[in-house]
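my_file15.cif (mmCIF, C-alpha atoms)
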data_final
loop_
_atom_site.label_atom_id
_atom_site.label_comp_id
_atom_site.auth_asym_id
_atom_site.auth_seq_id
_atom_site.Cartn_x
_atom_site.Cartn_y
_atom_site.Cartn_z
CA MET A 252 0.00 0.00 0.00
CA THR A 253 1.27 3.47 -0.81
CA SER A 254 -0.11 6.21 1.38
CA ILE A 255 -1.43 9.34 -0.30
CA TYR A 256 0.00 11.20 2.69
CA ALA A 257 3.56 10.03 2.16
CA ARG A 258 6.08 12.67 1.13
CA ASN A 259 8.07 10.39 -1.16
CA PRO A 260 6.35 7.02 -1.26
CA VAL A 261 8.54 3.95 -1.62
CA ALA A 262 7.82 0.34 -2.52
CA VAL A 263 6.90 -1.28 0.80
CA THR A 264 6.42 -4.99 1.33
CA VAL A 265 4.70 -6.01 4.57
CA ARG A 266 5.01 -9.62 5.63
CA PRO A 267 4.58 -11.66 8.80
CA ALA A 268 7.59 -11.31 11.07
CA ARG A 269 9.96 -14.26 11.46
CA PRO A 270 12.34 -15.21 14.27
CA GLY A 271 15.25 -13.98 12.15
CA ASP A 272 13.81 -10.44 12.25
CA VAL A 273 14.40 -10.10 15.98
CA GLU A 274 17.58 -8.00 15.82
CA ALA A 275 16.19 -5.57 13.22
CA VAL A 276 12.97 -5.18 15.21
CA ARG A 277 14.89 -4.78 18.47
CA ALA A 278 17.12 -2.10 16.94
CA ILE A 279 14.07 -0.08 15.82
CA ARG A 280 12.39 -0.56 19.19
CA ASN A 281 15.51 0.38 21.16
CA HIS A 282 16.03 3.52 19.10
CA ALA A 283 12.50 4.57 20.08
CA VAL A 284 13.27 3.77 23.72
CA GLU A 285 16.45 5.84 23.70
CA HIS A 286 15.34 8.81 21.58
CA SER A 287 11.57 9.26 21.77
CA THR A 288 8.54 9.25 24.01
CA ALA A 289 6.83 6.55 21.94
CA LEU A 290 7.76 3.87 24.50
CA TRP A 291 7.55 4.96 28.12
CA THR A 292 10.66 3.21 29.35
CA GLN A 293 14.29 4.17 29.36
CA THR A 294 15.51 0.57 29.51
CA PRO A 295 16.54 -0.88 26.14
CA GLN A 296 15.47 -4.41 25.35
CA THR A 297 18.25 -7.00 25.67
CA PRO A 298 18.77 -9.63 22.97
CA ALA A 299 17.21 -12.30 25.20
CA GLN A 300 14.21 -10.08 26.00
CA GLY A 301 13.80 -9.32 22.31
CA VAL A 302 13.59 -13.02 21.45
CA ILE A 303 10.95 -13.65 24.15
CA TRP A 304 8.94 -10.53 23.24
CA LEU A 305 8.87 -11.31 19.51
CA ALA A 306 8.17 -15.02 20.10
CA ALA A 307 4.97 -14.16 21.99
CA HIS A 308 3.75 -12.09 19.03
CA LEU A 309 4.82 -14.76 16.51
CA GLU A 310 2.83 -17.36 18.44
CA ARG A 311 -0.28 -15.16 18.15
CA GLY A 312 0.43 -14.29 14.50
CA SER A 313 0.38 -10.63 15.48
CA ALA A 314 3.79 -9.36 14.31
CA PHE A 315 4.61 -7.88 10.92
CA VAL A 316 7.60 -6.19 9.35
CA ALA A 317 7.84 -3.76 6.47
CA GLU A 318 10.70 -4.16 4.04
CA VAL A 319 12.06 -1.46 1.77
CA ASP A 320 14.93 -2.42 -0.51
CA ALA A 321 15.26 -5.78 1.31
CA GLU A 322 15.80 -4.01 4.66
CA VAL A 323 13.43 -4.13 7.65
CA ALA A 324 12.22 -0.52 7.75
CA GLY A 325 9.50 -0.91 10.36
CA PHE A 326 7.41 -3.29 12.40
CA ALA A 327 3.93 -3.51 13.83
CA VAL A 328 2.41 -5.75 16.47
CA TYR A 329 -0.82 -6.12 18.35
CA GLY A 330 -1.30 -7.80 21.67
CA PRO A 331 -3.68 -8.01 24.59
CA TRP A 332 -4.85 -4.64 25.80
CA ARG A 333 -5.43 -5.95 29.34
CA GLU A 334 -4.73 -9.37 30.79
CA LEU A 335 -8.16 -10.07 32.35
CA ASP A 336 -10.35 -12.38 30.26
CA GLY A 337 -13.11 -9.79 29.95
CA TYR A 338 -10.79 -7.84 27.65
CA ARG A 339 -9.90 -10.85 25.46
CA HIS A 340 -11.51 -9.38 22.33
CA THR A 341 -9.64 -6.07 22.58
CA VAL A 342 -6.08 -5.61 21.36
CA GLU A 343 -3.59 -2.75 21.44
CA ASN A 344 -1.38 -1.90 18.50
CA SER A 345 2.17 -0.65 18.13
CA VAL A 346 3.68 0.65 14.88
CA TYR A 347 7.32 1.71 14.60
CA VAL A 348 9.31 2.93 11.62
CA ARG A 349 13.10 2.97 11.42
CA GLU A 350 14.71 6.37 11.97
CA GLY A 351 15.12 8.23 8.67
CA ARG A 352 12.26 6.31 7.02
CA HIS A 353 9.30 8.34 8.33
CA GLY A 354 6.87 9.92 5.89
CA LEU A 355 7.36 7.27 3.21
CA GLY A 356 4.12 5.34 3.70
CA ILE A 357 5.70 2.57 5.80
CA GLY A 358 3.57 3.20 8.89
CA SER A 359 0.40 3.25 6.79
CA ALA A 360 1.28 -0.02 5.10
CA LEU A 361 1.98 -1.66 8.45
CA LEU A 362 -1.17 -0.37 10.16
CA ASP A 363 -3.33 -1.48 7.22
CA VAL A 364 -2.02 -5.05 7.44
CA LEU A 365 -2.21 -5.06 11.25
CA ILE A 366 -5.88 -4.02 11.28
CA THR A 367 -6.75 -6.64 8.66
CA ALA A 368 -4.96 -9.36 10.63
CA ALA A 369 -6.72 -8.41 13.88
CA ARG A 370 -10.10 -8.48 12.12
CA GLU A 371 -9.36 -11.87 10.59
CA ALA A 372 -8.35 -13.16 14.03
CA GLY A 373 -11.81 -12.21 15.30
CA HIS A 374 -10.90 -9.30 17.55
CA HIS A 375 -13.58 -6.73 18.30
CA VAL A 376 -11.70 -3.49 19.12
CA MET A 377 -8.19 -2.17 18.56
CA ILE A 378 -6.78 0.43 20.96
CA ALA A 379 -3.88 2.80 20.31
CA GLY A 380 -2.19 4.46 23.28
CA ILE A 381 -0.19 7.40 21.90
CA GLU A 382 1.87 10.07 23.64
CA ALA A 383 -0.38 13.11 23.18
CA GLY A 384 2.33 15.17 21.50
CA ASN A 385 2.96 12.53 18.80
CA THR A 386 0.84 14.24 16.16
CA PRO A 387 2.05 12.09 13.23
CA SER A 388 0.94 8.89 14.99
CA ILE A 389 -2.40 10.40 15.98
CA ARG A 390 -3.01 11.50 12.37
CA LEU A 391 -2.02 8.07 11.06
CA HIS A 392 -4.57 6.41 13.31
CA GLU A 393 -7.25 8.97 12.41
CA ARG A 394 -6.74 8.18 8.70
CA PHE A 395 -7.55 4.54 9.48
CA GLY A 396 -10.76 5.43 11.30
CA PHE A 397 -9.60 5.44 14.92
CA ASP A 398 -11.68 7.74 17.15
CA HIS A 399 -10.31 9.72 20.07
CA ALA A 400 -11.44 8.00 23.26
CA GLY A 401 -9.80 10.51 25.58
CA THR A 402 -6.53 11.89 26.87
CA LEU A 403 -5.16 11.05 30.29
CA PRO A 404 -2.96 13.89 31.56
CA GLU A 405 0.40 13.24 33.18
CA VAL A 406 0.09 9.46 33.50
CA GLY A 407 3.67 8.74 32.44
CA THR A 408 7.10 10.24 32.66
CA LYS A 409 10.23 10.16 30.56
CA PHE A 410 13.21 12.43 29.98
CA GLY A 411 12.31 14.37 33.13
CA ARG A 412 8.83 15.44 32.06
CA TRP A 413 5.26 14.29 32.54
CA LEU A 414 3.51 12.78 29.53
CA ASP A 415 -0.15 12.70 28.51
CA LEU A 416 -1.61 9.57 26.94
CA THR A 417 -4.13 9.84 24.11
CA LEU A 418 -6.28 6.75 23.73
CA MET A 419 -7.78 5.98 20.34
CA ARG A 420 -10.24 3.21 19.43
CA LEU A 421 -11.19 1.38 16.26
CA ALA A 422 -14.13 -1.02 16.06
CA LEU A 423 -12.98 -4.08 14.11
CA THR A 424 -16.36 -5.81 13.80
#
Structure translated into structure tokens:
Amino acid sequence: MTSIYARNPVAVTVRPARPGDVEAVRAIRNHAVEHSTALWTQTPQTPAQGVIWLAAHLERGSAFVAEVDAEVAGFAVYGPWRELDGYRHTVENSVYVREGRHGLGIGSALLDVLITAAREAGHHVMIAGIEAGNTPSIRLHERFGFDHAGTLPEVGTKFGRWLDLTLMRLALT
């Protein structure tokens, strides 16, 4: 899929993630940990943690990577929103694009495939929890039909400042 919002669209191939993608995915994830407020932790994922984390998504069939020029340029996953069984039909998504590859339609291609996979798996609702200042991510989710469910002020902290969490919701069924 090529996004009409991309600055300079590129040929993106989205495919199910494989165990061999773990280091590329971990590198993208750890860059976000170290340089952004997309993930509210300051602890990078170790190689062993990366294997366990990706394996859980592979078992569910809920991990995808985007390739551009045979390189992993982004990844997307969905997983349980909450652990209690009453929430079993609701999932939360995560979409990450490699530094220097933003605005090329990669995030759109990943989110499109992720939503389709969650629908096919029979999930009812997809949630996105986005740092309120991350306007590009909020706009991406709006383009795919996510509605604003609310913003929770100062519920997280990173880099010495309080962060607001915007919750967005998409009905899958």
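Of note, atom CA of Pro331 of chain A and atom CA of Gly356 of chain A are spaced 26.0 Å apart.
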Apply the PyMOL selection byres ((chain A and resi 268) around 12) to the displayed file and report the matching residues as a PDB file with C-alpha atoms, in the frame of the given file.
ATOM      1  CA  THR A 264       6.420  -4.990   1.330  1.00  0.00           C
ATOM      2  CA  VAL A 265       4.700  -6.010   4.570  1.00  0.00           C
ATOM      3  CA  ARG A 266       5.010  -9.620   5.630  1.00  0.00           C
ATOM      4  CA  PRO A 267       4.580 -11.660   8.800  1.00  0.00           C
ATOM      5  CA  ARG A 269       9.960 -14.260  11.460  1.00  0.00           C
ATOM      6  CA  PRO A 270      12.340 -15.210  14.270  1.00  0.00           C
ATOM      7  CA  GLY A 271      15.250 -13.980  12.150  1.00  0.00           C
ATOM      8  CA  ASP A 272      13.810 -10.440  12.250  1.00  0.00           C
ATOM      9  CA  VAL A 273      14.400 -10.100  15.980  1.00  0.00           C
ATOM     10  CA  GLU A 274      17.580  -8.000  15.820  1.00  0.00           C
ATOM     11  CA  ALA A 275      16.190  -5.570  13.220  1.00  0.00           C
ATOM     12  CA  VAL A 276      12.970  -5.180  15.210  1.00  0.00           C
ATOM     13  CA  LEU A 305       8.870 -11.310  19.510  1.00  0.00           C
ATOM     14  CA  ALA A 306       8.170 -15.020  20.100  1.00  0.00           C
ATOM     15  CA  ALA A 307       4.970 -14.160  21.990  1.00  0.00           C
ATOM     16  CA  HIS A 308       3.750 -12.090  19.030  1.00  0.00           C
ATOM     17  CA  LEU A 309       4.820 -14.760  16.510  1.00  0.00           C
ATOM     18  CA  GLU A 310       2.830 -17.360  18.440  1.00  0.00           C
ATOM     19  CA  ARG A 311      -0.280 -15.160  18.150  1.00  0.00           C
ATOM     20  CA  GLY A 312       0.430 -14.290  14.500  1.00  0.00           C
ATOM     21  CA  SER A 313       0.380 -10.630  15.480  1.00  0.00           C
ATOM     22  CA  ALA A 314       3.790  -9.360  14.310  1.00  0.00           C
ATOM     23  CA  PHE A 315       4.610  -7.880  10.920  1.00  0.00           C
ATOM     24  CA  VAL A 316       7.600  -6.190   9.350  1.00  0.00           C
ATOM     25  CA  ALA A 317       7.840  -3.760   6.470  1.00  0.00           C
ATOM     26  CA  GLU A 318      10.700  -4.160   4.040  1.00  0.00           C
ATOM     27  CA  VAL A 323      13.430  -4.130   7.650  1.00  0.00           C
ATOM     28  CA  GLY A 325       9.500  -0.910  10.360  1.00  0.00           C
ATOM     29  CA  PHE A 326       7.410  -3.290  12.400  1.00  0.00           C
ATOM     30  CA  ALA A 327       3.930  -3.510  13.830  1.00  0.00           C
ATOM     31  CA  VAL A 328       2.410  -5.750  16.470  1.00  0.00           C
ATOM     32  CA  LEU A 361       1.980  -1.660   8.450  1.00  0.00           C
ATOM     33  CA  LEU A 365      -2.210  -5.060  11.250  1.00  0.00           C
TER      34      LEU A 365
END
Residue IDs satisfying the PyMOL selection byres ((chain A and resi 281) around 10), as a list of chain:residue names
A:Ala275, A:Val276, A:Arg277, A:Ala278, A:Ile279, A:Arg280, A:His282, A:Ala283, A:Val284, A:Glu285, A:His286, A:Ser287, A:Leu290, A:Thr292, A:Gln293, A:Thr294, A:Pro295, A:Gln296, A:Thr297, A:Gly301
For each of A:Lys409, A:His374, A:His399, A:Arg390, take the minimum atom-to-atom distance to His340 of chain A, counting only C-alpha atoms, then give the residue where this is smallest.
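Ranked by minimum distance to His340 of chain A, first place goes to A:His374.
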A:Pro387, A:Leu335, A:Ala379, A:Ala422 ranked by distance to Thr402 of chain A, top pick (using all atoms listed in the file):
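Residue with the minimum atom-to-atom distance to Thr402 of chain A: A:Ala379.
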